[in-house]
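Peer 1: Sharing a structure here in structure tokens format.
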Amino acid sequence: MAPVDRLASVVVPARPTIGLCLTHSYAKYGYWEEDTVLLSRAYVRAVQRAGALPLLLAPDPVTTERPDEVLDLLDGLILAGGVDVGEDPERDAFEMALARRAMERDLPLLGICRGMQVMNVAHGGTLIEHVPDVVGHERHRHTRGLFTDHDVDLDDGSLAARAAGETRHGVKSHHHQAVDAVAAPFTVTGRDPEDGLAEAMESANGTRFALGVQWHPEADDRSRLVAALVEEARAR
């Protein structure tokens with residue numbers, strides 16, 4: 001058999017497909033300034049580094065009514081950070097529909113910052129509207145546009161700790177809202193060691209991988225969280 005024939009017979013495993021939800025934004029590029037849908041490239045790079053194929057998902061009212069239309073294409077889903085819940089009703093409805101249905105289907109799900117908050121509100125939980133009013137400091141978003149570096153404590157044996165690879169975990173944060181009353185499908189498994197703010201929550205109903213984190217693993221090349229989601233998606 002010729003070398004080219006041997007190469008042609010090699011089967012390359014398909015990469016898991018991970019959905020990444022986009023946000024509405026007014027943006028300038030080239031000569032244009034217009035309404036767009038976009039996402040930080042850090043999310044895309046994190047998914048690619050983990051060996052998966054990113055599929056970018058724009059808010060869509062039809063999918064909001066029929067989330068299986070999109071979820072049928074995916075092996076995992078990431079709800080990304082962005083504006084406060086309530087500021088973009090179309091995106092909120094889209095992501096909440098995907099979050100609820102992903103958990104019903106046991107599809108691997110990772111909510112990042114706003115994404116954790118979306119997961120909670122989608123299932124009936126509530127939010128702290130302005131964290132400094134509750135904790136008395138600005139450490140979780142000390143400067144707009146810059147991440148805060150701090151530690152979180154993760155429960156031993158939790159999904160959050162397994163995904164992070166440790167129970168005391170250094171993170172990058174930038175938020176002024178946070179989870180308050182936790183929705184019934186979840187349990188808090190990570191907290192700020194100084195102010196007790198909820199930093200991680202995960203499924204309490206047997207779903208294999210449904211994790212929300214209040215920090216930004218996509219912005220940290222050392223983080224294992226996105227890779228943990230991809231590993232679960234690949235195994236699934």
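Ordering of the structure tokens sets the chain letters (A, B, ...), residue numbers begin anew at 1 in every chain, and ligands are numbered from 1 in the order given.
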Quick one: pick out all strand (DSSP E or B) residues within stretch 77-159 of chain A from a backbone DSSP run and write them as JSON, numbers by chain.
Peer 2: {"A": [77, 78, 79, 109, 110, 111, 112, 127, 128, 148, 149, 150, 151, 152, 153, 154]}
Peer 1: Write out the residues from the selection above, keeping C-alpha atoms, as a compact mmCIF listing (two decimals), in the first residue's frame.
Peer 2:
# COMPACT_ATOMS: atom_id res chain seq x y z
CA LEU A 77 -22.20 24.60 26.42
CA ILE A 78 -20.48 27.65 27.91
CA LEU A 79 -22.47 30.67 29.08
CA LEU A 109 -22.62 23.11 31.10
CA LEU A 110 -20.21 25.77 32.37
CA GLY A 111 -21.45 29.22 33.39
CA ILE A 112 -18.76 31.90 33.66
CA LEU A 127 -28.94 37.99 42.57
CA ILE A 128 -27.16 40.55 44.67
CA THR A 148 -8.97 41.27 40.25
CA ASP A 149 -6.72 38.41 41.41
CA HIS A 150 -7.86 36.66 44.58
CA ASP A 151 -8.41 33.20 46.06
CA VAL A 152 -11.56 31.12 46.41
CA ASP A 153 -12.15 28.14 48.67
CA LEU A 154 -13.72 25.12 46.94
Peer 1: Could the residues of stretch 104-132 of chain A that have an atom at most 9 Å from stretch 88-96 of chain A be listed as a tab-separated table, each with its closest atom pair and the distance in Å to one decimal, counting only C-alpha atoms and ordered by chain and ascending residue number?
Peer 2:
residue	atom	partner	partner_atom	distance
A:Gly115	CA	A:Glu95	CA	8.3
A:Val118	CA	A:Met96	CA	6.2
A:Met119	CA	A:Met96	CA	6.7
A:Val121	CA	A:Met96	CA	7.8
A:Ala122	CA	A:Met96	CA	5.0
A:His123	CA	A:Met96	CA	8.4
Peer 1: Please save N, CA and C atoms of the selected residues as a compact mmCIF listing (two decimals), in the first residue's frame.
Peer 2:
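Dumped everything to out35.txt:
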# COMPACT_ATOMS: atom_id res chain seq x y z
N GLY A 115 -22.62 34.07 33.34
CA GLY A 115 -23.21 32.76 33.03
C GLY A 115 -23.66 32.02 34.27
N VAL A 118 -26.87 33.67 35.24
CA VAL A 118 -27.95 33.24 34.35
C VAL A 118 -28.47 31.87 34.76
N MET A 119 -27.57 30.95 35.05
CA MET A 119 -27.98 29.61 35.48
C MET A 119 -28.87 29.70 36.72
N VAL A 121 -30.66 32.39 37.97
CA VAL A 121 -31.94 33.07 37.72
C VAL A 121 -32.87 32.20 36.88
N ALA A 122 -32.30 31.46 35.92
CA ALA A 122 -33.11 30.60 35.05
C ALA A 122 -33.87 29.55 35.84
N HIS A 123 -33.36 29.19 37.02
CA HIS A 123 -34.01 28.15 37.83
C HIS A 123 -34.68 28.72 39.08
Peer 1: From the list A:Gly82, A:Pro217, A:Gly170, A:Gly206, which residue is nearest A:Ser25 when using only C-alpha atoms?
Peer 2: A:Gly82
Peer 1: Between A:Ala164, A:Ala200, A:Leu74, A:Ala58, which is the closest to A:Pro108 once you count only C-alpha atoms?
Peer 2: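 For A:Pro108, the nearest of the candidates is A:Leu74.
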Peer 1: When you draw a straight line from atom CA of A:Leu71 to atom CA of A:Arg222, how long is it in Å?
Peer 2: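 Separating atom CA of A:Leu71 from atom CA of A:Arg222 is a distance of 28.6 Å.
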Peer 1: Rank A:Arg66, A:Lys28, A:Arg101, A:His174 by their smallest atom-to-atom distance to A:Cys113, using only C-alpha atoms, and report the top residue only.
Peer 2: A:His174
Peer 1: When you count only C-alpha atoms, which of these residues is closest to A:Ala228: A:Asp192, A:Ala52, A:Met116, A:Lys172?
Peer 2: A:Ala52
Peer 1: Of the candidates A:Leu197, A:Leu38, A:Val62, A:Leu211, which shows the shortest atom-to-atom distance to A:Ala161, using only C-alpha atoms?
Peer 2: A:Leu211
Peer 1: Write out as a ChimeraX atom specification the residues lying within 10 Å of A:Asp84, counting only C-alpha atoms and excluding same-chain residues fewer than 5 positions away.
Peer 2: /A:92,113-114,117-118,129,175-178
Peer 1: Please identify the helix (DSSP H, G or I) residues within stretch 20-143 of chain A (assignment by DSSP from backbone atoms) and present them as a PDB file with N, CA and C atoms, in the first residue's frame.
Peer 2:
ATOM      1  N   ARG A  41     -12.181  36.859  22.343  1.00  0.00           N
ATOM      2  CA  ARG A  41     -11.504  35.729  21.717  1.00  0.00           C
ATOM      3  C   ARG A  41     -10.888  34.792  22.744  1.00  0.00           C
ATOM      4  N   ALA A  42     -10.721  35.242  23.971  1.00  0.00           N
ATOM      5  CA  ALA A  42     -10.160  34.384  25.016  1.00  0.00           C
ATOM      6  C   ALA A  42     -10.994  33.122  25.205  1.00  0.00           C
ATOM      7  N   TYR A  43     -12.318  33.229  25.088  1.00  0.00           N
ATOM      8  CA  TYR A  43     -13.180  32.047  25.217  1.00  0.00           C
ATOM      9  C   TYR A  43     -12.902  31.053  24.093  1.00  0.00           C
ATOM     10  N   VAL A  44     -12.812  31.569  22.880  1.00  0.00           N
ATOM     11  CA  VAL A  44     -12.556  30.715  21.718  1.00  0.00           C
ATOM     12  C   VAL A  44     -11.218  30.006  21.872  1.00  0.00           C
ATOM     13  N   ARG A  45     -10.197  30.757  22.258  1.00  0.00           N
ATOM     14  CA  ARG A  45      -8.875  30.173  22.417  1.00  0.00           C
ATOM     15  C   ARG A  45      -8.862  29.105  23.509  1.00  0.00           C
ATOM     16  N   ALA A  46      -9.573  29.358  24.602  1.00  0.00           N
ATOM     17  CA  ALA A  46      -9.606  28.382  25.690  1.00  0.00           C
ATOM     18  C   ALA A  46     -10.233  27.073  25.238  1.00  0.00           C
ATOM     19  N   VAL A  47     -11.306  27.151  24.466  1.00  0.00           N
ATOM     20  CA  VAL A  47     -11.959  25.944  23.952  1.00  0.00           C
ATOM     21  C   VAL A  47     -11.041  25.226  22.965  1.00  0.00           C
ATOM     22  N   GLN A  48     -10.386  25.978  22.082  1.00  0.00           N
ATOM     23  CA  GLN A  48      -9.486  25.359  21.110  1.00  0.00           C
ATOM     24  C   GLN A  48      -8.288  24.715  21.794  1.00  0.00           C
ATOM     25  N   ARG A  49      -7.717  25.387  22.803  1.00  0.00           N
ATOM     26  CA  ARG A  49      -6.581  24.811  23.532  1.00  0.00           C
ATOM     27  C   ARG A  49      -6.954  23.481  24.184  1.00  0.00           C
ATOM     28  N   PRO A  61     -34.545  34.310  18.877  1.00  0.00           N
ATOM     29  CA  PRO A  61     -35.845  34.061  19.505  1.00  0.00           C
ATOM     30  C   PRO A  61     -36.450  32.707  19.151  1.00  0.00           C
ATOM     31  N   VAL A  62     -36.133  32.184  17.980  1.00  0.00           N
ATOM     32  CA  VAL A  62     -36.657  30.864  17.609  1.00  0.00           C
ATOM     33  C   VAL A  62     -36.023  29.789  18.486  1.00  0.00           C
ATOM     34  N   THR A  63     -34.701  29.871  18.669  1.00  0.00           N
ATOM     35  CA  THR A  63     -34.025  28.913  19.537  1.00  0.00           C
ATOM     36  C   THR A  63     -34.490  29.046  20.983  1.00  0.00           C
ATOM     37  N   THR A  64     -34.830  30.261  21.398  1.00  0.00           N
ATOM     38  CA  THR A  64     -35.355  30.449  22.748  1.00  0.00           C
ATOM     39  C   THR A  64     -36.601  29.606  22.964  1.00  0.00           C
ATOM     40  N   GLU A  65     -37.423  29.499  21.929  1.00  0.00           N
ATOM     41  CA  GLU A  65     -38.628  28.665  22.003  1.00  0.00           C
ATOM     42  C   GLU A  65     -38.322  27.193  21.775  1.00  0.00           C
ATOM     43  N   ASP A  68     -33.672  22.796  21.765  1.00  0.00           N
ATOM     44  CA  ASP A  68     -33.087  21.547  21.259  1.00  0.00           C
ATOM     45  C   ASP A  68     -32.521  21.715  19.860  1.00  0.00           C
ATOM     46  N   GLU A  69     -33.029  22.677  19.110  1.00  0.00           N
ATOM     47  CA  GLU A  69     -32.545  22.932  17.760  1.00  0.00           C
ATOM     48  C   GLU A  69     -31.041  23.205  17.768  1.00  0.00           C
ATOM     49  N   VAL A  70     -30.565  23.932  18.771  1.00  0.00           N
ATOM     50  CA  VAL A  70     -29.138  24.225  18.916  1.00  0.00           C
ATOM     51  C   VAL A  70     -28.443  23.149  19.735  1.00  0.00           C
ATOM     52  N   LEU A  71     -29.046  22.721  20.818  1.00  0.00           N
ATOM     53  CA  LEU A  71     -28.374  21.772  21.706  1.00  0.00           C
ATOM     54  C   LEU A  71     -28.101  20.439  21.022  1.00  0.00           C
ATOM     55  N   PRO A  89     -32.489  41.747  27.390  1.00  0.00           N
ATOM     56  CA  PRO A  89     -33.550  40.756  27.582  1.00  0.00           C
ATOM     57  C   PRO A  89     -33.540  39.630  26.550  1.00  0.00           C
ATOM     58  N   GLU A  90     -33.176  39.935  25.298  1.00  0.00           N
ATOM     59  CA  GLU A  90     -33.160  38.880  24.284  1.00  0.00           C
ATOM     60  C   GLU A  90     -32.079  37.845  24.591  1.00  0.00           C
ATOM     61  N   ARG A  91     -30.900  38.341  24.955  1.00  0.00           N
ATOM     62  CA  ARG A  91     -29.827  37.410  25.330  1.00  0.00           C
ATOM     63  C   ARG A  91     -30.187  36.646  26.592  1.00  0.00           C
ATOM     64  N   ASP A  92     -30.768  37.331  27.585  1.00  0.00           N
ATOM     65  CA  ASP A  92     -31.173  36.653  28.819  1.00  0.00           C
ATOM     66  C   ASP A  92     -32.103  35.486  28.530  1.00  0.00           C
ATOM     67  N   ALA A  93     -33.143  35.735  27.739  1.00  0.00           N
ATOM     68  CA  ALA A  93     -34.139  34.698  27.455  1.00  0.00           C
ATOM     69  C   ALA A  93     -33.507  33.526  26.706  1.00  0.00           C
ATOM     70  N   PHE A  94     -32.656  33.842  25.746  1.00  0.00           N
ATOM     71  CA  PHE A  94     -31.969  32.827  24.946  1.00  0.00           C
ATOM     72  C   PHE A  94     -31.105  31.929  25.827  1.00  0.00           C
ATOM     73  N   GLU A  95     -30.283  32.549  26.666  1.00  0.00           N
ATOM     74  CA  GLU A  95     -29.361  31.770  27.477  1.00  0.00           C
ATOM     75  C   GLU A  95     -30.077  31.007  28.593  1.00  0.00           C
ATOM     76  N   MET A  96     -31.125  31.593  29.153  1.00  0.00           N
ATOM     77  CA  MET A  96     -31.859  30.879  30.197  1.00  0.00           C
ATOM     78  C   MET A  96     -32.556  29.648  29.628  1.00  0.00           C
ATOM     79  N   ALA A  97     -33.085  29.766  28.408  1.00  0.00           N
ATOM     80  CA  ALA A  97     -33.713  28.610  27.771  1.00  0.00           C
ATOM     81  C   ALA A  97     -32.682  27.510  27.525  1.00  0.00           C
ATOM     82  N   LEU A  98     -31.504  27.891  27.039  1.00  0.00           N
ATOM     83  CA  LEU A  98     -30.452  26.909  26.809  1.00  0.00           C
ATOM     84  C   LEU A  98     -29.979  26.290  28.118  1.00  0.00           C
ATOM     85  N   ALA A  99     -29.832  27.110  29.161  1.00  0.00           N
ATOM     86  CA  ALA A  99     -29.350  26.603  30.447  1.00  0.00           C
ATOM     87  C   ALA A  99     -30.316  25.585  31.044  1.00  0.00           C
ATOM     88  N   ARG A 100     -31.605  25.914  31.020  1.00  0.00           N
ATOM     89  CA  ARG A 100     -32.602  24.981  31.585  1.00  0.00           C
ATOM     90  C   ARG A 100     -32.610  23.660  30.816  1.00  0.00           C
ATOM     91  N   ARG A 101     -32.642  23.758  29.498  1.00  0.00           N
ATOM     92  CA  ARG A 101     -32.756  22.546  28.689  1.00  0.00           C
ATOM     93  C   ARG A 101     -31.462  21.736  28.715  1.00  0.00           C
ATOM     94  N   ALA A 102     -30.308  22.396  28.768  1.00  0.00           N
ATOM     95  CA  ALA A 102     -29.037  21.671  28.852  1.00  0.00           C
ATOM     96  C   ALA A 102     -28.998  20.798  30.096  1.00  0.00           C
ATOM     97  N   MET A 103     -29.487  21.326  31.215  1.00  0.00           N
ATOM     98  CA  MET A 103     -29.499  20.528  32.435  1.00  0.00           C
ATOM     99  C   MET A 103     -30.488  19.378  32.338  1.00  0.00           C
ATOM    100  N   GLU A 104     -31.628  19.613  31.708  1.00  0.00           N
ATOM    101  CA  GLU A 104     -32.593  18.526  31.515  1.00  0.00           C
ATOM    102  C   GLU A 104     -31.999  17.401  30.667  1.00  0.00           C
ATOM    103  N   ARG A 114     -21.266  36.157  34.533  1.00  0.00           N
ATOM    104  CA  ARG A 114     -22.673  36.350  34.204  1.00  0.00           C
ATOM    105  C   ARG A 114     -23.351  35.005  33.953  1.00  0.00           C
ATOM    106  N   GLY A 115     -22.624  34.066  33.335  1.00  0.00           N
ATOM    107  CA  GLY A 115     -23.206  32.763  33.031  1.00  0.00           C
ATOM    108  C   GLY A 115     -23.657  32.017  34.271  1.00  0.00           C
ATOM    109  N   MET A 116     -22.895  32.109  35.368  1.00  0.00           N
ATOM    110  CA  MET A 116     -23.320  31.512  36.636  1.00  0.00           C
ATOM    111  C   MET A 116     -24.604  32.176  37.114  1.00  0.00           C
ATOM    112  N   GLN A 117     -24.684  33.484  36.988  1.00  0.00           N
ATOM    113  CA  GLN A 117     -25.871  34.213  37.408  1.00  0.00           C
ATOM    114  C   GLN A 117     -27.082  33.835  36.553  1.00  0.00           C
ATOM    115  N   VAL A 118     -26.873  33.673  35.242  1.00  0.00           N
ATOM    116  CA  VAL A 118     -27.953  33.239  34.347  1.00  0.00           C
ATOM    117  C   VAL A 118     -28.473  31.875  34.764  1.00  0.00           C
ATOM    118  N   MET A 119     -27.570  30.945  35.046  1.00  0.00           N
ATOM    119  CA  MET A 119     -27.984  29.614  35.481  1.00  0.00           C
ATOM    120  C   MET A 119     -28.866  29.703  36.717  1.00  0.00           C
ATOM    121  N   ASN A 120     -28.487  30.545  37.667  1.00  0.00           N
ATOM    122  CA  ASN A 120     -29.236  30.659  38.912  1.00  0.00           C
ATOM    123  C   ASN A 120     -30.611  31.278  38.692  1.00  0.00           C
ATOM    124  N   VAL A 121     -30.659  32.392  37.966  1.00  0.00           N
ATOM    125  CA  VAL A 121     -31.943  33.068  37.723  1.00  0.00           C
ATOM    126  C   VAL A 121     -32.867  32.195  36.877  1.00  0.00           C
ATOM    127  N   ALA A 122     -32.301  31.463  35.919  1.00  0.00           N
ATOM    128  CA  ALA A 122     -33.106  30.599  35.052  1.00  0.00           C
ATOM    129  C   ALA A 122     -33.870  29.550  35.841  1.00  0.00           C
ATOM    130  N   VAL A 131     -22.654  44.110  44.593  1.00  0.00           N
ATOM    131  CA  VAL A 131     -21.899  43.402  45.628  1.00  0.00           C
ATOM    132  C   VAL A 131     -21.304  44.334  46.683  1.00  0.00           C
ATOM    133  N   PRO A 132     -20.707  45.489  46.317  1.00  0.00           N
ATOM    134  CA  PRO A 132     -20.125  46.346  47.359  1.00  0.00           C
ATOM    135  C   PRO A 132     -21.114  46.780  48.435  1.00  0.00           C
ATOM    136  N   ASP A 133     -22.401  46.879  48.084  1.00  0.00           N
ATOM    137  CA  ASP A 133     -23.404  47.242  49.088  1.00  0.00           C
ATOM    138  C   ASP A 133     -23.556  46.169  50.161  1.00  0.00           C
ATOM    139  N   VAL A 134     -23.182  44.929  49.825  1.00  0.00           N
ATOM    140  CA  VAL A 134     -23.337  43.810  50.760  1.00  0.00           C
ATOM    141  C   VAL A 134     -22.030  43.491  51.477  1.00  0.00           C
ATOM    142  N   VAL A 135     -20.923  43.481  50.731  1.00  0.00           N
ATOM    143  CA  VAL A 135     -19.658  43.063  51.340  1.00  0.00           C
ATOM    144  C   VAL A 135     -18.814  44.236  51.825  1.00  0.00           C
ATOM    145  N   ARG A 139     -13.405  44.895  45.971  1.00  0.00           N
ATOM    146  CA  ARG A 139     -12.329  43.992  45.567  1.00  0.00           C
ATOM    147  C   ARG A 139     -12.697  43.093  44.398  1.00  0.00           C
ATOM    148  N   HIS A 140     -13.962  42.790  44.214  1.00  0.00           N
ATOM    149  CA  HIS A 140     -14.355  41.892  43.123  1.00  0.00           C
ATOM    150  C   HIS A 140     -14.371  42.593  41.765  1.00  0.00           C
ATOM    151  N   ARG A 141     -14.321  43.917  41.769  1.00  0.00           N
ATOM    152  CA  ARG A 141     -14.165  44.689  40.531  1.00  0.00           C
ATOM    153  C   ARG A 141     -13.544  46.024  40.914  1.00  0.00           C
TER     154      ARG A 141
END
